[in-house]
Amino acid sequence: MTATTQAIERLLNQYSDAPDEQALITDIFARIEDSNDILNDLLTLRDIDSAEGVWLDILGAIVGVERPYKELSSDYIFTFKSNPADPDDPDKAFYDPGGPTGGYYQSFEGLRDPSGDLASDTDYRKLVKGKAIANHVIGNIDDIGLFIQGGFGVVSEVTDPIQGEVEVELVSALTQGERRAVERLAPLSAGVNITITNWP
């Protein structure tokens, strides 16, 4: 039972056939219910795992990462017809019958959806979590592994074969955009380069 319904039911009997008074009570309690909804949202939607939409965008702004564009599957990356993996796939481009079709260029953000839509809350949440971790660590080898696992849910082996170089071997796959995000947002010391060495 809503607060408005409860308030109307508790009106004195002489107001049971008074539409103006009931309308006044309804308007007053509608504002009270709005305030309750806002307070409930503040209680339940501020957490990174439950935040959605604008609330999640606010968390992203706090940690310093904007919502990226929606990403396409890597199946649609531009390749040549002679690609040995799938030489006659018309979705790749440079396909003779019917002219070039399909195939999208990869950007710094991964394989961007040309529709211009933004990433889903689920995908954006990974970036926000990763950036939050990166903001609060020193940037050593263990921190980079924590950043990848905590943000993207992927286990990796992080090594530093030579000074100034960090290599990441992934146990499971990241999307094109997630790989770029790891390279761009990982907590690295100044002058250190990061390379993801495999494509699981």
# chains A, B, ... in the order shown; residues from 1 in each chain; ligands from 1
>>> select_by_dssp(residues="region 48-187 of chain A", states="helix (DSSP H, G or I)", output="PyMOL selection string")
chain A and resi 53-63+74-76+121-135+141-152+176-185
>>> residues_around(residues="Glu169 (chain A)", least_positions_apart="2", cutoff="9 Å", atoms="only C-alpha atoms", output="list in words")
Val155, Ser156, Glu157, Val158, Thr159, Glu167, Val171, Thr195, Ile196, Thr197, Asn198, Trp199 and Pro200 of chain A
>>> write_last_selection(atoms="N, CA and C atoms", output="PDB file, in the first residue's frame")
ATOM      1  N   VAL A 155      41.829 -13.381 -15.349  1.00  0.00           N
ATOM      2  CA  VAL A 155      43.101 -13.708 -14.702  1.00  0.00           C
ATOM      3  C   VAL A 155      44.211 -13.542 -15.737  1.00  0.00           C
ATOM      4  N   SER A 156      45.348 -13.037 -15.297  1.00  0.00           N
ATOM      5  CA  SER A 156      46.467 -12.840 -16.217  1.00  0.00           C
ATOM      6  C   SER A 156      47.782 -13.087 -15.493  1.00  0.00           C
ATOM      7  N   GLU A 157      48.810 -13.301 -16.288  1.00  0.00           N
ATOM      8  CA  GLU A 157      50.163 -13.423 -15.737  1.00  0.00           C
ATOM      9  C   GLU A 157      50.939 -12.190 -16.173  1.00  0.00           C
ATOM     10  N   VAL A 158      51.365 -11.398 -15.218  1.00  0.00           N
ATOM     11  CA  VAL A 158      52.048 -10.140 -15.515  1.00  0.00           C
ATOM     12  C   VAL A 158      53.524 -10.286 -15.155  1.00  0.00           C
ATOM     13  N   THR A 159      54.380  -9.955 -16.113  1.00  0.00           N
ATOM     14  CA  THR A 159      55.827 -10.061 -15.893  1.00  0.00           C
ATOM     15  C   THR A 159      56.503  -8.785 -16.390  1.00  0.00           C
ATOM     16  N   GLU A 167      54.752  -7.153 -19.564  1.00  0.00           N
ATOM     17  CA  GLU A 167      54.044  -8.040 -20.485  1.00  0.00           C
ATOM     18  C   GLU A 167      52.922  -8.742 -19.743  1.00  0.00           C
ATOM     19  N   VAL A 171      44.723 -15.264 -19.486  1.00  0.00           N
ATOM     20  CA  VAL A 171      44.240 -16.641 -19.375  1.00  0.00           C
ATOM     21  C   VAL A 171      42.944 -16.792 -20.166  1.00  0.00           C
ATOM     22  N   THR A 195      52.372  -4.395 -22.755  1.00  0.00           N
ATOM     23  CA  THR A 195      52.036  -5.138 -23.969  1.00  0.00           C
ATOM     24  C   THR A 195      51.250  -6.389 -23.567  1.00  0.00           C
ATOM     25  N   ILE A 196      50.139  -6.616 -24.242  1.00  0.00           N
ATOM     26  CA  ILE A 196      49.396  -7.877 -24.062  1.00  0.00           C
ATOM     27  C   ILE A 196      49.922  -8.836 -25.118  1.00  0.00           C
ATOM     28  N   THR A 197      50.450  -9.958 -24.688  1.00  0.00           N
ATOM     29  CA  THR A 197      51.242 -10.807 -25.586  1.00  0.00           C
ATOM     30  C   THR A 197      50.453 -11.886 -26.314  1.00  0.00           C
ATOM     31  N   ASN A 198      49.202 -12.141 -25.909  1.00  0.00           N
ATOM     32  CA  ASN A 198      48.484 -13.264 -26.530  1.00  0.00           C
ATOM     33  C   ASN A 198      47.029 -12.915 -26.813  1.00  0.00           C
ATOM     34  N   TRP A 199      46.397 -13.790 -27.603  1.00  0.00           N
ATOM     35  CA  TRP A 199      44.976 -13.639 -27.978  1.00  0.00           C
ATOM     36  C   TRP A 199      44.257 -14.948 -27.644  1.00  0.00           C
ATOM     37  N   PRO A 200      43.902 -15.148 -26.353  1.00  0.00           N
ATOM     38  CA  PRO A 200      43.278 -16.436 -25.988  1.00  0.00           C
ATOM     39  C   PRO A 200      41.905 -16.604 -26.613  1.00  0.00           C
TER      40      PRO A 200
END
>>> select_by_dssp(residues="region 37-193 of chain A", states="strand (DSSP E)", output="list of chain:residue names")
A:Ser156, A:Glu157, A:Val158, A:Thr159, A:Glu165, A:Val166, A:Glu167, A:Val168, A:Glu169, A:Leu170, A:Asn193
>>> write_last_selection(atoms="C-alpha atoms", output="PDB file, in the first residue's frame")
ATOM      1  CA  SER A 156      46.467 -12.840 -16.217  1.00  0.00           C
ATOM      2  CA  GLU A 157      50.163 -13.423 -15.737  1.00  0.00           C
ATOM      3  CA  VAL A 158      52.048 -10.140 -15.515  1.00  0.00           C
ATOM      4  CA  THR A 159      55.827 -10.061 -15.893  1.00  0.00           C
ATOM      5  CA  GLU A 165      58.454  -3.150 -20.132  1.00  0.00           C
ATOM      6  CA  VAL A 166      55.472  -5.009 -18.700  1.00  0.00           C
ATOM      7  CA  GLU A 167      54.044  -8.040 -20.485  1.00  0.00           C
ATOM      8  CA  VAL A 168      50.572  -9.411 -19.812  1.00  0.00           C
ATOM      9  CA  GLU A 169      49.590 -12.947 -20.763  1.00  0.00           C
ATOM     10  CA  LEU A 170      45.811 -13.391 -20.572  1.00  0.00           C
ATOM     11  CA  ASN A 193      55.186   0.345 -21.542  1.00  0.00           C
TER      12      ASN A 193
END
>>> closest_residue(among="A:Tyr69, A:Ile194, A:Ile138, A:Leu127", to="Asp160 (chain A)", atoms="only C-alpha atoms")
A:Ile194
>>> atom_distance(atom1="CA of Gly53 (chain A)", atom2="CA of Glu66 (chain A)")
12.4 Å
>>> closest_residue(among="A:Leu118, A:Leu24, A:Ile32, A:Val128", to="Leu56 (chain A)", atoms="only C-alpha atoms")
A:Val128
>>> residues_around(residues="region 179-191 of chain A", least_positions_apart="4", cutoff="10 Å", atoms="only C-alpha atoms", output="ChimeraX atom specification")
/A:65,107-110,126-127,130-131,133-141,143-148,151-152,163-166,168,173-175,195-196,199
>>> write_last_selection(atoms="N, CA and C atoms", output="mmCIF file, in the first residue's frame")
data_model
loop_
_atom_site.group_PDB
_atom_site.id
_atom_site.type_symbol
_atom_site.label_atom_id
_atom_site.label_comp_id
_atom_site.auth_asym_id
_atom_site.auth_seq_id
_atom_site.Cartn_x
_atom_site.Cartn_y
_atom_site.Cartn_z
ATOM 1 N N VAL A 65 36.687 8.149 -15.794
ATOM 2 C CA VAL A 65 36.574 7.431 -17.070
ATOM 3 C C VAL A 65 35.162 7.610 -17.626
ATOM 4 N N SER A 107 39.324 1.272 -33.835
ATOM 5 C CA SER A 107 39.792 2.556 -33.316
ATOM 6 C C SER A 107 40.574 2.325 -32.026
ATOM 7 N N PHE A 108 41.008 3.413 -31.413
ATOM 8 C CA PHE A 108 41.722 3.306 -30.143
ATOM 9 C C PHE A 108 40.824 2.733 -29.060
ATOM 10 N N GLU A 109 39.509 2.868 -29.238
ATOM 11 C CA GLU A 109 38.555 2.349 -28.258
ATOM 12 C C GLU A 109 38.088 0.944 -28.598
ATOM 13 N N GLY A 110 38.683 0.329 -29.585
ATOM 14 C CA GLY A 110 38.239 -0.990 -30.024
ATOM 15 C C GLY A 110 37.436 -0.883 -31.298
ATOM 16 N N LYS A 126 32.787 -2.417 -15.922
ATOM 17 C CA LYS A 126 34.139 -2.988 -15.900
ATOM 18 C C LYS A 126 35.192 -1.884 -15.929
ATOM 19 N N LEU A 127 34.979 -0.888 -16.806
ATOM 20 C CA LEU A 127 35.942 0.211 -16.896
ATOM 21 C C LEU A 127 35.986 1.017 -15.604
ATOM 22 N N GLY A 130 37.808 -1.005 -12.972
ATOM 23 C CA GLY A 130 39.238 -1.033 -13.260
ATOM 24 C C GLY A 130 39.910 0.293 -12.946
ATOM 25 N N LYS A 131 39.291 1.390 -13.361
ATOM 26 C CA LYS A 131 39.868 2.716 -13.127
ATOM 27 C C LYS A 131 39.906 3.045 -11.639
ATOM 28 N N ILE A 133 40.318 0.904 -9.247
ATOM 29 C CA ILE A 133 41.470 0.159 -8.719
ATOM 30 C C ILE A 133 42.766 0.874 -9.089
ATOM 31 N N ALA A 134 42.881 1.288 -10.360
ATOM 32 C CA ALA A 134 44.101 1.940 -10.831
ATOM 33 C C ALA A 134 44.393 3.235 -10.082
ATOM 34 N N ASN A 135 43.337 3.919 -9.646
ATOM 35 C CA ASN A 135 43.513 5.191 -8.933
ATOM 36 C C ASN A 135 44.099 5.028 -7.535
ATOM 37 N N HIS A 136 44.044 3.810 -6.986
ATOM 38 C CA HIS A 136 44.407 3.639 -5.575
ATOM 39 C C HIS A 136 45.522 2.633 -5.342
ATOM 40 N N VAL A 137 46.318 2.384 -6.366
ATOM 41 C CA VAL A 137 47.443 1.455 -6.187
ATOM 42 C C VAL A 137 48.737 2.127 -6.641
ATOM 43 N N ILE A 138 49.841 1.508 -6.307
ATOM 44 C CA ILE A 138 51.151 2.075 -6.646
ATOM 45 C C ILE A 138 51.468 1.895 -8.124
ATOM 46 N N GLY A 139 51.166 0.720 -8.660
ATOM 47 C CA GLY A 139 51.464 0.453 -10.065
ATOM 48 C C GLY A 139 52.543 -0.590 -10.258
ATOM 49 N N ASN A 140 52.701 -1.487 -9.283
ATOM 50 C CA ASN A 140 53.678 -2.562 -9.455
ATOM 51 C C ASN A 140 53.039 -3.735 -10.210
ATOM 52 N N ILE A 141 53.775 -4.806 -10.392
ATOM 53 C CA ILE A 141 53.307 -5.961 -11.162
ATOM 54 C C ILE A 141 52.015 -6.534 -10.582
ATOM 55 N N ASP A 143 49.798 -5.031 -8.780
ATOM 56 C CA ASP A 143 48.703 -4.078 -8.958
ATOM 57 C C ASP A 143 48.101 -4.169 -10.356
ATOM 58 N N ILE A 144 48.937 -4.382 -11.353
ATOM 59 C CA ILE A 144 48.437 -4.499 -12.728
ATOM 60 C C ILE A 144 47.581 -5.750 -12.866
ATOM 61 N N GLY A 145 48.015 -6.849 -12.270
ATOM 62 C CA GLY A 145 47.207 -8.073 -12.280
ATOM 63 C C GLY A 145 45.880 -7.879 -11.563
ATOM 64 N N LEU A 146 45.913 -7.167 -10.420
ATOM 65 C CA LEU A 146 44.685 -6.850 -9.683
ATOM 66 C C LEU A 146 43.746 -5.987 -10.511
ATOM 67 N N PHE A 147 44.302 -5.012 -11.203
ATOM 68 C CA PHE A 147 43.532 -4.121 -12.065
ATOM 69 C C PHE A 147 42.790 -4.920 -13.145
ATOM 70 N N ILE A 148 43.477 -5.849 -13.782
ATOM 71 C CA ILE A 148 42.856 -6.639 -14.856
ATOM 72 C C ILE A 148 41.804 -7.580 -14.292
ATOM 73 N N GLY A 151 38.824 -5.354 -12.502
ATOM 74 C CA GLY A 151 38.041 -4.567 -13.436
ATOM 75 C C GLY A 151 37.360 -5.395 -14.509
ATOM 76 N N PHE A 152 38.077 -6.342 -15.064
ATOM 77 C CA PHE A 152 37.573 -7.063 -16.233
ATOM 78 C C PHE A 152 37.268 -8.533 -15.969
ATOM 79 N N GLN A 163 63.585 -3.849 -17.896
ATOM 80 C CA GLN A 163 63.188 -2.620 -17.218
ATOM 81 C C GLN A 163 62.384 -1.731 -18.156
ATOM 82 N N GLY A 164 61.266 -1.240 -17.668
ATOM 83 C CA GLY A 164 60.430 -0.346 -18.454
ATOM 84 C C GLY A 164 59.428 -1.049 -19.349
ATOM 85 N N GLU A 165 59.393 -2.378 -19.314
ATOM 86 C CA GLU A 165 58.454 -3.150 -20.132
ATOM 87 C C GLU A 165 57.652 -4.098 -19.240
ATOM 88 N N VAL A 166 56.348 -4.080 -19.408
ATOM 89 C CA VAL A 166 55.472 -5.009 -18.700
ATOM 90 C C VAL A 166 54.741 -5.831 -19.747
ATOM 91 N N VAL A 168 51.755 -8.795 -20.396
ATOM 92 C CA VAL A 168 50.572 -9.411 -19.812
ATOM 93 C C VAL A 168 50.167 -10.586 -20.689
ATOM 94 N N ALA A 173 39.874 -14.412 -22.687
ATOM 95 C CA ALA A 173 39.865 -13.324 -23.663
ATOM 96 C C ALA A 173 39.298 -12.017 -23.124
ATOM 97 N N LEU A 174 39.806 -10.925 -23.666
ATOM 98 C CA LEU A 174 39.238 -9.597 -23.519
ATOM 99 C C LEU A 174 38.780 -9.144 -24.909
ATOM 100 N N THR A 175 37.775 -8.275 -24.951
ATOM 101 C CA THR A 175 37.361 -7.720 -26.237
ATOM 102 C C THR A 175 38.425 -6.735 -26.711
ATOM 103 N N THR A 195 52.372 -4.395 -22.755
ATOM 104 C CA THR A 195 52.036 -5.138 -23.969
ATOM 105 C C THR A 195 51.250 -6.389 -23.567
ATOM 106 N N ILE A 196 50.139 -6.616 -24.242
ATOM 107 C CA ILE A 196 49.396 -7.877 -24.062
ATOM 108 C C ILE A 196 49.922 -8.836 -25.118
ATOM 109 N N TRP A 199 46.397 -13.790 -27.603
ATOM 110 C CA TRP A 199 44.976 -13.639 -27.978
ATOM 111 C C TRP A 199 44.257 -14.948 -27.644
#
>>> atom_distance(atom1="CA of Tyr104 (chain A)", atom2="CA of Gln149 (chain A)")
28.7 Å
>>> residues_around(residues="region 11-15 of chain A", least_positions_apart="6", cutoff="10 Å", atoms="only C-alpha atoms", output="VMD selection string")
chain A and resid 21 to 22 25
>>> write_last_selection(atoms="N, CA and C atoms", output="PDB file, in the first residue's frame")
ATOM      1  N   GLU A  21     -10.333  17.835  -1.435  1.00  0.00           N
ATOM      2  CA  GLU A  21      -9.445  17.489  -0.325  1.00  0.00           C
ATOM      3  C   GLU A  21      -8.607  16.255  -0.652  1.00  0.00           C
ATOM      4  N   GLN A  22      -9.247  15.278  -1.282  1.00  0.00           N
ATOM      5  CA  GLN A  22      -8.514  14.062  -1.661  1.00  0.00           C
ATOM      6  C   GLN A  22      -7.436  14.371  -2.706  1.00  0.00           C
ATOM      7  N   ILE A  25      -4.510  15.944  -0.847  1.00  0.00           N
ATOM      8  CA  ILE A  25      -3.725  14.904  -0.163  1.00  0.00           C
ATOM      9  C   ILE A  25      -2.892  14.106  -1.174  1.00  0.00           C
TER      10      ILE A  25
END
